[in-house]
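Enquirer: One file is attached below, final_39.csv, containing CSV, C-alpha atoms.
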```csv
chain,number,residue,atom,x,y,z
A,1,MET,CA,95.0,90.6,70.4
A,2,SER,CA,96.2,93.3,68.0
A,3,LEU,CA,95.6,97.1,68.4
A,4,THR,CA,93.5,97.1,65.2
A,5,GLN,CA,91.3,94.5,66.7
A,6,THR,CA,90.8,96.3,70.0
A,7,GLN,CA,89.8,99.5,68.1
A,8,THR,CA,86.6,97.7,67.0
A,9,GLN,CA,85.6,97.1,70.7
A,10,THR,CA,84.1,99.4,73.2
A,11,GLN,CA,85.4,100.3,76.6
A,12,PRO,CA,84.3,97.8,79.3
A,13,ASP,CA,81.8,98.8,81.9
A,14,ILE,CA,84.4,99.9,84.4
A,15,SER,CA,84.9,103.2,86.3
A,16,TYR,CA,87.6,104.6,88.6
A,17,HIS,CA,85.8,103.3,91.6
A,18,PRO,CA,85.9,99.5,91.7
A,19,ASP,CA,82.6,97.7,91.9
A,20,PHE,CA,82.9,94.4,93.6
A,21,GLN,CA,79.8,92.8,92.2
A,22,LYS,CA,80.8,93.7,88.6
A,23,TYR,CA,84.2,92.3,89.4
A,24,LEU,CA,82.8,89.0,90.5
A,25,LEU,CA,80.6,88.7,87.4
A,26,ARG,CA,83.4,89.6,85.0
A,27,SER,CA,85.9,87.4,86.8
A,28,GLU,CA,83.6,84.3,86.5
A,29,ARG,CA,83.2,85.0,82.8
A,30,ILE,CA,87.0,85.6,82.1
A,31,ARG,CA,88.0,82.7,84.2
A,32,SER,CA,85.9,80.3,82.2
A,33,GLN,CA,87.3,81.7,78.9
A,34,ASN,CA,90.9,81.3,80.1
A,35,LYS,CA,90.7,77.7,81.5
A,36,SER,CA,93.5,76.7,79.1
A,37,VAL,CA,96.0,79.1,80.7
A,38,SER,CA,97.5,77.0,83.4
A,39,LYS,CA,101.1,78.1,83.3
A,40,LEU,CA,102.8,81.4,84.1
A,41,PRO,CA,104.2,83.3,81.1
A,42,GLY,CA,107.9,83.4,80.4
A,43,SER,CA,110.2,83.2,83.4
A,44,PHE,CA,107.8,84.6,85.9
A,45,PRO,CA,108.3,82.9,89.3
A,46,ASP,CA,105.7,80.7,91.0
A,47,GLN,CA,106.2,82.6,94.2
A,48,LEU,CA,108.2,85.5,95.5
A,49,LYS,CA,109.8,85.2,98.9
A,50,GLY,CA,111.4,87.6,101.4
A,51,GLU,CA,110.4,90.6,103.7
A,52,LEU,CA,108.8,92.4,100.8
A,53,VAL,CA,106.0,89.8,100.9
A,54,TRP,CA,103.7,90.7,103.7
A,55,GLU,CA,100.0,91.2,104.8
A,56,GLY,CA,98.6,93.9,107.0
A,57,LYS,CA,97.8,91.2,109.7
A,58,ASP,CA,101.6,90.6,109.9
A,59,TYR,CA,102.0,93.9,111.7
A,60,THR,CA,100.5,94.4,115.2
A,61,ASP,CA,102.1,97.7,116.3
A,62,GLU,CA,103.0,100.9,114.5
A,63,SER,CA,106.4,100.9,116.3
A,64,GLN,CA,107.3,98.1,113.8
A,65,TRP,CA,107.4,100.7,110.9
A,66,THR,CA,107.8,104.0,112.7
A,67,LEU,CA,111.0,106.0,113.3
A,68,VAL,CA,110.3,108.6,116.0
A,69,LEU,CA,112.5,111.6,116.1
A,70,THR,CA,114.1,112.6,119.4
A,71,ASP,CA,114.5,116.1,120.7
A,72,ASN,CA,118.2,115.9,119.7
A,73,HIS,CA,117.2,114.9,116.2
A,74,LEU,CA,114.8,117.8,115.9
A,75,GLN,CA,117.5,120.2,117.2
A,76,GLU,CA,119.9,118.8,114.6
A,77,ILE,CA,117.3,119.3,111.8
A,78,ASP,CA,116.7,122.9,112.9
A,79,ALA,CA,120.4,123.6,112.9
A,80,ALA,CA,120.7,122.1,109.4
A,81,LEU,CA,117.8,124.4,108.3
A,82,LYS,CA,119.6,127.4,109.7
A,83,HIS,CA,122.9,126.3,108.0
A,84,PHE,CA,121.2,125.9,104.6
A,85,LYS,CA,119.5,129.3,104.8
A,86,SER,CA,122.8,130.9,105.7
A,87,LEU,CA,124.2,129.7,102.3
A,88,ASN,CA,121.6,131.8,100.4
A,89,LYS,CA,121.1,129.0,97.9
A,90,SER,CA,118.0,127.9,96.0
A,91,ILE,CA,116.0,124.9,97.4
A,92,GLY,CA,117.3,122.9,94.5
A,93,SER,CA,120.7,123.0,96.2
A,94,VAL,CA,119.4,121.0,99.3
A,95,ASN,CA,121.4,117.8,99.6
A,96,GLN,CA,123.3,115.9,102.2
A,97,GLN,CA,126.2,118.3,102.1
A,98,THR,CA,124.2,121.5,102.5
A,99,PHE,CA,121.8,120.0,105.0
A,100,PRO,CA,124.1,118.1,107.4
A,101,LEU,CA,122.6,115.6,109.9
A,102,PRO,CA,125.6,114.0,111.6
A,103,THR,CA,123.8,111.8,114.1
A,104,LEU,CA,120.5,111.2,112.3
A,105,SER,CA,122.0,110.4,108.9
A,106,PRO,CA,123.2,106.9,109.7
A,107,ILE,CA,119.8,106.0,111.1
A,108,LEU,CA,118.1,107.4,107.9
A,109,HIS,CA,120.6,105.5,105.7
A,110,GLN,CA,119.6,102.3,107.5
A,111,HIS,CA,116.0,102.9,106.9
A,112,ALA,CA,116.7,103.6,103.3
A,113,LYS,CA,118.0,100.0,103.0
A,114,GLU,CA,114.8,98.9,104.6
A,115,LEU,CA,112.9,100.4,101.7
A,116,GLN,CA,114.8,98.4,99.1
A,117,SER,CA,115.2,95.0,100.8
A,118,GLY,CA,113.1,95.0,104.0
A,119,ARG,CA,109.4,95.6,104.3
A,120,GLY,CA,109.5,98.4,101.7
A,121,PHE,CA,108.1,101.3,103.8
A,122,PHE,CA,108.5,103.3,107.0
A,123,VAL,CA,107.1,106.4,108.7
A,124,LEU,CA,109.3,109.2,110.1
A,125,ARG,CA,107.4,110.8,113.0
A,126,GLY,CA,107.8,114.0,115.0
A,127,LEU,CA,108.5,116.9,112.6
A,128,ARG,CA,106.7,120.1,113.7
A,129,PRO,CA,105.3,121.8,110.6
A,130,ASP,CA,103.5,124.4,112.6
A,131,ASP,CA,106.8,125.8,113.9
A,132,TYR,CA,108.0,126.7,110.4
A,133,ALA,CA,106.9,128.7,107.3
A,134,ILE,CA,106.1,126.8,104.1
A,135,ASP,CA,109.5,127.4,102.5
A,136,GLU,CA,111.2,126.2,105.7
A,137,ASN,CA,109.1,123.0,105.8
A,138,ILE,CA,110.0,122.3,102.2
A,139,ILE,CA,113.7,122.8,102.9
A,140,ILE,CA,113.4,120.4,105.9
A,141,TYR,CA,111.5,117.9,103.9
A,142,ALA,CA,113.9,117.9,101.0
A,143,GLY,CA,116.9,117.9,103.4
A,144,VAL,CA,115.8,114.9,105.4
A,145,SER,CA,114.6,113.1,102.3
A,146,SER,CA,118.0,113.5,100.6
A,147,TYR,CA,119.3,110.8,103.0
A,148,ILE,CA,116.6,108.4,101.7
A,149,GLY,CA,117.0,109.2,98.0
A,150,SER,CA,119.7,111.7,97.0
A,151,VAL,CA,118.1,112.3,93.5
A,152,ARG,CA,114.7,114.0,93.4
A,153,GLY,CA,112.3,113.3,90.5
A,154,ARG,CA,110.6,115.8,88.3
A,155,GLN,CA,106.9,115.8,88.8
A,156,ASP,CA,106.2,118.4,86.0
A,157,SER,CA,108.4,120.3,83.6
A,158,LYS,CA,107.9,123.2,81.3
A,159,LEU,CA,109.9,125.8,79.4
A,160,VAL,CA,109.8,129.4,80.7
A,161,ASP,CA,111.5,131.9,78.4
A,162,GLY,CA,113.5,129.1,77.0
A,163,THR,CA,114.6,127.8,80.4
A,164,LYS,CA,113.6,124.4,81.7
A,165,GLN,CA,111.7,124.6,85.0
A,166,SER,CA,110.9,121.3,86.8
A,167,SER,CA,108.5,121.1,89.7
A,168,MET,CA,110.1,118.7,92.2
A,169,LEU,CA,107.3,119.0,94.8
A,170,ASN,CA,103.6,118.4,94.6
A,171,HIS,CA,100.9,119.5,97.0
A,172,ILE,CA,98.2,116.8,97.7
A,173,LYS,CA,95.2,118.9,98.7
A,174,ASP,CA,91.5,119.2,98.0
A,175,LEU,CA,91.1,121.9,95.3
A,176,SER,CA,87.5,121.0,94.4
A,177,GLN,CA,86.2,124.1,96.0
A,178,THR,CA,88.6,126.5,94.2
A,179,SER,CA,88.7,128.2,90.8
A,180,VAL,CA,90.6,125.3,89.2
A,181,ALA,CA,87.9,122.7,90.2
A,182,GLY,CA,86.8,122.2,86.6
A,183,ASN,CA,90.3,121.1,85.6
A,184,ILE,CA,90.8,118.3,88.1
A,185,GLY,CA,91.5,114.9,86.6
A,186,ALA,CA,93.0,113.1,89.6
A,187,PRO,CA,91.6,112.2,93.0
A,188,ALA,CA,94.7,113.7,94.7
A,189,TYR,CA,93.0,117.1,94.3
A,190,THR,CA,89.7,116.1,95.8
A,191,THR,CA,88.3,114.6,99.0
A,192,ASP,CA,87.5,111.4,97.1
A,193,LYS,CA,89.1,108.1,98.0
A,194,GLN,CA,92.2,107.0,96.0
A,195,VAL,CA,92.1,103.4,95.0
A,196,PHE,CA,95.3,101.3,95.1
A,197,HIS,CA,97.9,102.4,92.6
A,198,THR,CA,101.6,103.2,92.1
A,199,ASP,CA,103.1,106.6,91.3
A,200,ALA,CA,106.1,107.0,89.0
A,201,GLY,CA,109.7,106.5,90.2
A,202,ASP,CA,111.5,104.4,92.8
A,203,ILE,CA,110.4,106.0,96.1
A,204,VAL,CA,107.2,107.9,96.9
A,205,SER,CA,107.3,110.2,99.9
A,206,LEU,CA,104.5,112.1,101.6
A,207,PHE,CA,104.9,114.8,104.3
A,208,SER,CA,101.8,115.6,106.3
A,209,LEU,CA,101.5,119.3,107.0
A,210,ASN,CA,98.0,118.9,108.3
A,211,VAL,CA,95.3,116.2,108.6
A,212,ALA,CA,91.6,116.1,107.8
A,213,ALA,CA,88.9,116.6,110.3
A,214,LYS,CA,87.7,113.1,109.5
A,215,GLY,CA,89.0,110.2,107.3
A,216,GLY,CA,91.9,110.2,104.8
A,217,GLU,CA,93.6,107.1,106.3
A,218,SER,CA,96.6,105.9,104.3
A,219,LYS,CA,96.7,102.3,103.1
A,220,LEU,CA,99.6,100.2,101.9
A,221,ALA,CA,99.8,96.8,100.3
A,222,SER,CA,102.6,94.5,99.2
A,223,SER,CA,102.4,94.1,95.4
A,224,TRP,CA,104.5,91.0,95.9
A,225,ARG,CA,101.8,89.4,98.1
A,226,VAL,CA,99.3,90.3,95.4
A,227,TYR,CA,101.5,88.8,92.7
A,228,ASN,CA,101.9,85.6,94.7
A,229,GLU,CA,98.1,85.2,95.1
A,230,LEU,CA,97.5,85.8,91.4
A,231,ALA,CA,100.4,83.4,90.4
A,232,ARG,CA,98.9,80.7,92.6
A,233,THR,CA,95.2,81.1,91.6
A,234,ARG,CA,95.0,83.0,88.3
A,235,PRO,CA,98.1,82.6,86.0
A,236,ASP,CA,95.9,84.0,83.2
A,237,ILE,CA,95.8,87.4,85.0
A,238,ILE,CA,99.6,87.4,85.3
A,239,LYS,CA,99.7,86.8,81.5
A,240,THR,CA,97.3,89.7,81.0
A,241,LEU,CA,99.4,92.0,83.2
A,242,SER,CA,102.6,91.1,81.4
A,243,GLU,CA,101.2,91.9,78.0
A,244,GLU,CA,101.0,95.3,76.3
A,245,TRP,CA,98.5,97.8,77.7
A,246,ILE,CA,97.5,101.0,76.0
A,247,PHE,CA,98.4,104.1,78.0
A,248,ASP,CA,96.6,107.3,77.4
A,249,GLY,CA,98.7,110.2,76.0
A,250,TYR,CA,96.1,112.7,77.3
A,251,GLY,CA,95.8,114.6,74.1
A,252,ASN,CA,99.5,114.5,73.0
A,253,PRO,CA,99.2,114.9,69.2
A,254,ASP,CA,102.6,113.2,68.7
A,255,LYS,CA,101.8,110.2,70.9
A,256,PRO,CA,98.0,109.8,71.4
A,257,TYR,CA,98.9,106.6,73.3
A,258,THR,CA,101.8,104.4,74.2
A,259,THR,CA,102.0,100.7,75.0
A,260,LYS,CA,103.8,98.8,77.7
A,261,PRO,CA,103.0,96.1,80.3
A,262,LEU,CA,101.9,96.7,83.9
A,263,LEU,CA,104.0,93.7,85.1
A,264,TYR,CA,107.8,93.2,84.8
A,265,HIS,CA,110.2,90.4,85.8
A,266,THR,CA,113.9,91.0,86.5
A,267,PRO,CA,115.9,87.8,86.9
A,268,ALA,CA,118.4,87.4,89.7
A,269,THR,CA,122.0,88.5,88.9
A,270,GLU,CA,125.2,88.4,90.9
A,271,ALA,CA,124.4,91.8,92.2
A,272,SER,CA,120.6,91.7,92.8
A,273,PRO,CA,117.9,89.1,93.6
A,274,GLU,CA,115.0,88.2,91.4
A,275,ARG,CA,112.3,90.8,91.4
A,276,VAL,CA,108.8,91.5,90.1
A,277,ILE,CA,107.5,95.0,89.5
A,278,ILE,CA,103.9,96.1,89.0
A,279,GLN,CA,103.4,99.7,87.8
A,280,TYR,CA,99.9,101.1,87.2
A,281,ALA,CA,97.4,103.8,88.0
A,282,ARG,CA,93.8,102.9,87.4
A,283,ARG,CA,92.6,106.3,86.3
A,284,GLY,CA,94.7,106.2,83.2
A,285,PHE,CA,92.5,103.3,81.9
A,286,THR,CA,89.2,104.5,83.3
A,287,GLY,CA,89.5,108.2,83.4
A,288,PHE,CA,88.6,110.4,86.4
A,289,LEU,CA,86.3,113.4,86.7
A,290,ASN,CA,87.3,116.1,84.2
A,291,LEU,CA,90.0,113.9,82.5
A,292,PRO,CA,88.2,111.0,80.9
A,293,ARG,CA,90.0,108.4,78.8
A,294,THR,CA,90.7,109.9,75.5
A,295,LEU,CA,88.2,109.2,72.7
A,296,GLY,CA,89.6,107.5,69.6
A,297,ILE,CA,92.4,105.5,71.4
A,298,PRO,CA,91.9,101.7,71.7
A,299,PRO,CA,89.9,100.7,74.8
A,300,ILE,CA,91.1,98.3,77.3
A,301,THR,CA,89.9,94.7,77.1
A,302,GLU,CA,87.5,92.8,79.4
A,303,ALA,CA,90.4,90.8,80.6
A,304,GLN,CA,92.4,93.9,81.4
A,305,ALA,CA,89.3,95.4,83.3
A,306,GLU,CA,89.2,92.2,85.4
A,307,ALA,CA,93.0,92.5,86.1
A,308,LEU,CA,92.6,96.1,87.3
A,309,ASP,CA,89.9,95.0,89.7
A,310,ALA,CA,91.8,92.0,90.8
A,311,LEU,CA,94.8,94.2,91.7
A,312,HIS,CA,92.7,96.6,93.7
A,313,PHE,CA,90.6,94.1,95.6
A,314,LEU,CA,93.5,91.8,96.5
A,315,ALA,CA,95.6,94.8,97.6
A,316,GLU,CA,92.6,95.9,99.8
A,317,LYS,CA,92.4,92.3,101.3
A,318,PHE,CA,96.1,92.3,102.2
A,319,SER,CA,96.5,96.0,103.1
A,320,LEU,CA,97.8,97.8,106.2
A,321,THR,CA,96.2,101.0,107.4
A,322,LEU,CA,98.5,103.7,108.7
A,323,ASP,CA,97.6,106.4,111.2
A,324,PHE,CA,99.0,109.3,109.3
A,325,GLN,CA,99.6,112.1,111.7
A,326,LYS,CA,100.6,115.8,111.3
A,327,GLY,CA,104.4,115.9,111.0
A,328,ASP,CA,104.7,112.3,109.7
A,329,VAL,CA,106.7,111.6,106.6
A,330,GLN,CA,105.8,108.3,104.8
A,331,TYR,CA,108.5,106.7,102.6
A,332,VAL,CA,107.3,103.9,100.3
A,333,ASN,CA,109.1,101.6,97.8
A,334,ASN,CA,107.0,102.4,94.7
A,335,LEU,CA,108.3,99.2,93.0
A,336,SER,CA,107.0,96.8,95.6
A,337,ILE,CA,104.1,98.6,97.4
A,338,PHE,CA,100.7,99.8,96.3
A,339,HIS,CA,99.2,102.8,98.1
A,340,ALA,CA,95.7,104.2,98.6
A,341,ARG,CA,93.8,106.5,100.8
A,342,ASP,CA,90.2,106.8,102.2
A,343,GLY,CA,88.0,109.7,101.4
A,344,PHE,CA,88.0,112.5,103.9
A,345,THR,CA,86.2,115.6,105.3
A,346,ASP,CA,88.0,118.9,105.8
A,347,GLU,CA,86.9,121.6,108.2
A,348,PRO,CA,88.4,125.1,108.8
A,349,GLY,CA,91.8,124.5,110.4
A,350,LYS,CA,91.7,120.8,109.8
A,351,GLU,CA,92.4,120.6,106.1
A,352,ARG,CA,94.4,117.6,104.8
A,353,HIS,CA,97.6,118.9,103.1
A,354,LEU,CA,100.5,116.7,102.1
A,355,LEU,CA,103.7,117.4,100.2
A,356,ARG,CA,105.1,114.8,97.8
A,357,LEU,CA,108.5,114.0,96.6
A,358,TRP,CA,109.6,111.2,94.1
A,359,LEU,CA,113.1,110.0,95.1
A,360,ARG,CA,115.8,107.7,93.9
A,361,ASP,CA,118.9,106.3,95.7
A,362,PRO,CA,121.5,105.6,93.0
A,363,GLU,CA,123.4,103.2,95.2
A,364,LEU,CA,120.5,101.0,96.3
A,365,ALA,CA,118.2,101.5,93.3
A,366,TRP,CA,116.6,98.5,91.6
A,367,ASN,CA,117.4,97.8,88.0
A,368,THR,CA,114.8,99.7,85.9
A,369,PRO,CA,113.0,97.5,83.3
A,370,GLU,CA,113.8,98.6,79.8
A,371,GLN,CA,110.2,99.7,79.0
A,372,LEU,CA,110.1,101.9,82.1
A,373,LYS,CA,113.4,103.7,81.3
A,374,PRO,CA,111.9,106.5,79.2
A,375,ARG,CA,109.5,107.5,82.0
A,376,TRP,CA,112.3,107.1,84.6
A,377,ASP,CA,114.6,109.3,82.5
A,378,GLU,CA,111.8,112.0,82.5
A,379,LEU,CA,112.0,111.9,86.3
A,380,TYR,CA,115.6,111.4,87.2
A,381,LYS,CA,118.0,111.9,84.2
A,382,ASP,CA,120.4,114.8,84.4
A,383,VAL,CA,118.4,116.8,87.0
A,384,THR,CA,120.2,120.1,87.7
A,385,GLU,CA,120.0,122.3,90.7
A,386,GLU,CA,119.0,125.3,88.6
A,387,GLU,CA,115.9,123.7,87.0
A,388,GLN,CA,114.4,122.6,90.3
A,389,VAL,CA,111.2,124.5,91.4
A,390,PHE,CA,109.3,123.9,94.7
A,391,PRO,CA,105.9,125.5,94.5
A,392,PHE,CA,104.7,127.0,97.8
A,393,GLU,CA,101.0,126.8,96.8
A,394,PRO,CA,99.0,123.8,95.5
A,395,ARG,CA,98.4,123.5,91.8
A,396,ILE,CA,97.4,120.8,89.4
A,397,ARG,CA,100.4,119.1,87.8
A,398,GLY,CA,100.5,118.1,84.1
A,399,GLY,CA,98.7,114.8,83.4
A,400,ALA,CA,96.5,115.2,86.4
A,401,GLY,CA,94.0,117.6,84.9
A,402,LYS,CA,93.0,119.6,81.9
A,403,ALA,CA,95.7,121.9,80.5
```
Output the structure of this file as structure tokens.
Expert:
Amino acid sequence: MSLTQTQTQTQPDISYHPDFQKYLLRSERIRSQNKSVSKLPGSFPDQLKGELVWEGKDYTDESQWTLVLTDNHLQEIDAALKHFKSLNKSIGSVNQQTFPLPTLSPILHQHAKELQSGRGFFVLRGLRPDDYAIDENIIIYAGVSSYIGSVRGRQDSKLVDGTKQSSMLNHIKDLSQTSVAGNIGAPAYTTDKQVFHTDAGDIVSLFSLNVAAKGGESKLASSWRVYNELARTRPDIIKTLSEEWIFDGYGNPDKPYTTKPLLYHTPATEASPERVIIQYARRGFTGFLNLPRTLGIPPITEAQAEALDALHFLAEKFSLTLDFQKGDVQYVNNLSIFHARDGFTDEPGKERHLLRLWLRDPELAWNTPEQLKPRWDELYKDVTEEEQVFPFEPRIRGGAGKA
């Protein structure tokens, strides 16, 4: 269907929060319309195999995915913090050389490999955020994470007096009771649930400075397991996901919208195995709170609305719930894992507060599909130490709320 055709349509009846009954009705309708689609498009595989294909029920104990720091590890981290502070450098200078971890580093490197070719996630447990000031926690987080992905991704960029400043760190915290509440356009800054999605970049990492009084559980799902289910039962949805989608430019006058697929296939080479990558965030197609989908850009189609729901409900079916504790750091392969979180309730002293980094390991990184390269370059290309900014206080990043 051409873009001019879609402009004559209206946005389907779909919101950020998936409605299972609406999904079932739409699915029945779309399935009957697409009976003729019985084969997968192009060279997409019938089934993916390997450790990246899993279900929540495959894991019975959190020790299977948790690396618990010892007292010696914590002492080594504290010594690395003191060493870095003695250098009088900016936080952008944190790396494996300036934050040395001689005994912990080989363990972290092994877990970095687990992200790329093992199950695709792990939790580092045992950091003690209450023992440190916010700048020290950020240094520790960036230092330890440099052994998982040595390149940090830009999460927001702007020019200040002609000098580029890039925020490398984002605070995930409820801001709905603050002065910026009217600007919020992403659930990360509310107590609302976050449905299954991916971020941008290769590796998503979250460091828990504090947990909520109630709720806020973290959920992960193998996108490869979801792909296998759709490939087996609904090849038409694989076709829909592999076609061009209209991404909201959020008011960008030069590019009101861009187009690219949600699903990519990279064939096997001598250096890497066959892979499938799904990249999507539902709110960009449905809008959220104070950032609705932009008027005047083509709406999504009914088939695309069904595909969004299928991704969410299958991810939910195959998901694993993690007990995210204070001091935990979660590392996730963003190219093979969907993530979500339950809604939560804060109380004084028990206010959920996470720090986020987007990381890349140049040695272990997957090949980036051609249509994702512009976005990946925005994150990772030619990042300098001087441009890196690490906010000490929460703020709404660009693209996640009103300007």
Enquirer: Residues within 8 Å of stretch 47-64 of chain A, please, as a list in words. Count all atoms listed in the file; anything in the same chain fewer than 6 positions from it doesn't count.
Expert: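 The neighbour list is Ser117, Gly118, Arg119, Gly120, Ala221, Ser222, Ser223, Trp224, Arg225, Tyr227, Asn228, Ala231, Arg232, Arg275, Phe318, Ser319, Leu320, Thr321, Leu322 and Ser336 of chain A.
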Enquirer: Within 6 Å of stretch 344-359 of chain A, counting all atoms listed in the file, which residues show up once you throw out same-chain ones fewer than 4 positions away? Write them as a CSV table (one decimal) with C-alpha atoms, keeping the file's coordinate frame, please.
Expert:
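The resulting file, out-v6.csv, is reproduced below:
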```csv
chain,number,residue,atom,x,y,z
A,149,GLY,CA,117.0,109.2,98.0
A,151,VAL,CA,118.1,112.3,93.5
A,152,ARG,CA,114.7,114.0,93.4
A,153,GLY,CA,112.3,113.3,90.5
A,169,LEU,CA,107.3,119.0,94.8
A,170,ASN,CA,103.6,118.4,94.6
A,171,HIS,CA,100.9,119.5,97.0
A,172,ILE,CA,98.2,116.8,97.7
A,173,LYS,CA,95.2,118.9,98.7
A,191,THR,CA,88.3,114.6,99.0
A,203,ILE,CA,110.4,106.0,96.1
A,204,VAL,CA,107.2,107.9,96.9
A,205,SER,CA,107.3,110.2,99.9
A,206,LEU,CA,104.5,112.1,101.6
A,207,PHE,CA,104.9,114.8,104.3
A,208,SER,CA,101.8,115.6,106.3
A,209,LEU,CA,101.5,119.3,107.0
A,210,ASN,CA,98.0,118.9,108.3
A,211,VAL,CA,95.3,116.2,108.6
A,212,ALA,CA,91.6,116.1,107.8
A,213,ALA,CA,88.9,116.6,110.3
A,214,LYS,CA,87.7,113.1,109.5
A,215,GLY,CA,89.0,110.2,107.3
A,216,GLY,CA,91.9,110.2,104.8
```
Enquirer: Neighbouring residues of stretch 388-402 of chain A were defined as those with any atom within 9 Å, considering only C-alpha atoms; residues of the same chain fewer than 6 positions away were excluded. Please report them as an NGL selection string.
Expert: :A and (90-93 or 134-135 or 138 or 154-157 or 164-173 or 175 or 180 or 182-189 or 249-250 or 289-291)
Enquirer: Under the rule that all atoms listed in the file are counted, which of A:Lys85, A:Ala200, A:Asp323, A:Asp361 is the nearest residue to A:Glu378?
Expert: A:Ala200
Enquirer: Provide the atom CA of A:Trp245 to atom CA of A:Pro298 distance in Å, to one decimal place.
Expert: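 Atom-to-atom, atom CA of A:Trp245 to atom CA of A:Pro298, that is 9.7 Å.
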Enquirer: Work out how far apart atom CA of A:Pro12 and atom CA of A:Leu314 are and give it in Å to one decimal.
Expert: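 Between these atoms lies a distance of 20.4 Å.
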Enquirer: Can you work out the spacing between atom CA of A:Arg341 and atom CA of A:Thr190 in Å, to one decimal?
Expert: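 Here the two named atoms are 11.6 Å from each other.
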Enquirer: Excluding A:His339 and its own-chain neighbours fewer than 6 positions away, which residues fall within 6 Å of it when counting only C-alpha atoms? Please give them as a tab-separated table (two decimals) with C-alpha atoms, keeping the file's coordinate frame.
Expert:
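Below you can see out_24.tsv, which holds the result:
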```tsv
chain	number	residue	atom	x	y	z
A	196	PHE	CA	95.30	101.30	95.10
A	197	HIS	CA	97.90	102.40	92.60
A	219	LYS	CA	96.70	102.30	103.10
A	220	LEU	CA	99.60	100.20	101.90
```
Enquirer: Taking only C-alpha atoms into account, name the residue in A:Pro299, A:Gly162, A:Gly327, A:Gly126 that is nearest to A:Leu69.
Expert: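 Among the listed residues, the smallest separation from A:Leu69 belongs to A:Gly126.
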Enquirer: Can you tell me which residues surround A:Phe99 at a distance of at most 8 Å, considering all atoms listed in the file, apart from same-chain residues fewer than 6 positions away, and format the answer as a list in words?
Expert: Ala80, Leu81, His83, Phe84, Gly143 and Val144 of chain A
Enquirer: A:Glu270, A:Asp13, A:Asp236, A:Asp328: which is nearest A:Arg128, counting only C-alpha atoms?
Expert: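 Smallest separation from A:Arg128 among the options: A:Asp328.
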Enquirer: Could stretch 41-45 of chain A be completed with all heavy atoms and returned as an mmCIF file, keeping the file's coordinate frame?
Expert:
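See part.cif below for the written result:
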```cif
data_model
loop_
_atom_site.group_PDB
_atom_site.id
_atom_site.type_symbol
_atom_site.label_atom_id
_atom_site.label_comp_id
_atom_site.auth_asym_id
_atom_site.auth_seq_id
_atom_site.Cartn_x
_atom_site.Cartn_y
_atom_site.Cartn_z
ATOM 1 N N PRO A 41 103.485 82.988 82.362
ATOM 2 C CA PRO A 41 104.200 83.300 81.100
ATOM 3 C C PRO A 41 105.713 83.451 81.375
ATOM 4 O O PRO A 41 106.157 83.826 82.472
ATOM 5 C CB PRO A 41 103.617 84.683 80.750
ATOM 6 C CG PRO A 41 103.150 85.272 82.035
ATOM 7 C CD PRO A 41 102.684 84.108 82.860
ATOM 8 N N GLY A 42 106.491 83.130 80.350
ATOM 9 C CA GLY A 42 107.900 83.400 80.400
ATOM 10 C C GLY A 42 108.614 82.776 81.599
ATOM 11 O O GLY A 42 108.364 81.630 81.997
ATOM 12 N N SER A 43 109.444 83.624 82.221
ATOM 13 C CA SER A 43 110.200 83.200 83.400
ATOM 14 C C SER A 43 109.646 83.706 84.696
ATOM 15 O O SER A 43 110.339 83.713 85.722
ATOM 16 C CB SER A 43 111.670 83.657 83.244
ATOM 17 O OG SER A 43 111.723 85.073 83.114
ATOM 18 N N PHE A 44 108.373 84.138 84.684
ATOM 19 C CA PHE A 44 107.800 84.600 85.900
ATOM 20 C C PHE A 44 107.772 83.564 86.995
ATOM 21 O O PHE A 44 107.421 82.406 86.720
ATOM 22 C CB PHE A 44 106.370 85.161 85.676
ATOM 23 C CG PHE A 44 106.321 86.547 85.089
ATOM 24 C CD1 PHE A 44 106.235 86.730 83.716
ATOM 25 C CD2 PHE A 44 106.394 87.664 85.904
ATOM 26 C CE1 PHE A 44 106.208 87.999 83.167
ATOM 27 C CE2 PHE A 44 106.364 88.940 85.370
ATOM 28 C CZ PHE A 44 106.277 89.108 84.003
ATOM 29 N N PRO A 45 108.159 83.910 88.234
ATOM 30 C CA PRO A 45 108.300 82.900 89.300
ATOM 31 C C PRO A 45 106.937 82.444 89.836
ATOM 32 O O PRO A 45 105.950 83.192 89.816
ATOM 33 C CB PRO A 45 109.067 83.658 90.383
ATOM 34 C CG PRO A 45 108.716 85.101 90.180
ATOM 35 C CD PRO A 45 108.565 85.272 88.693
#
```
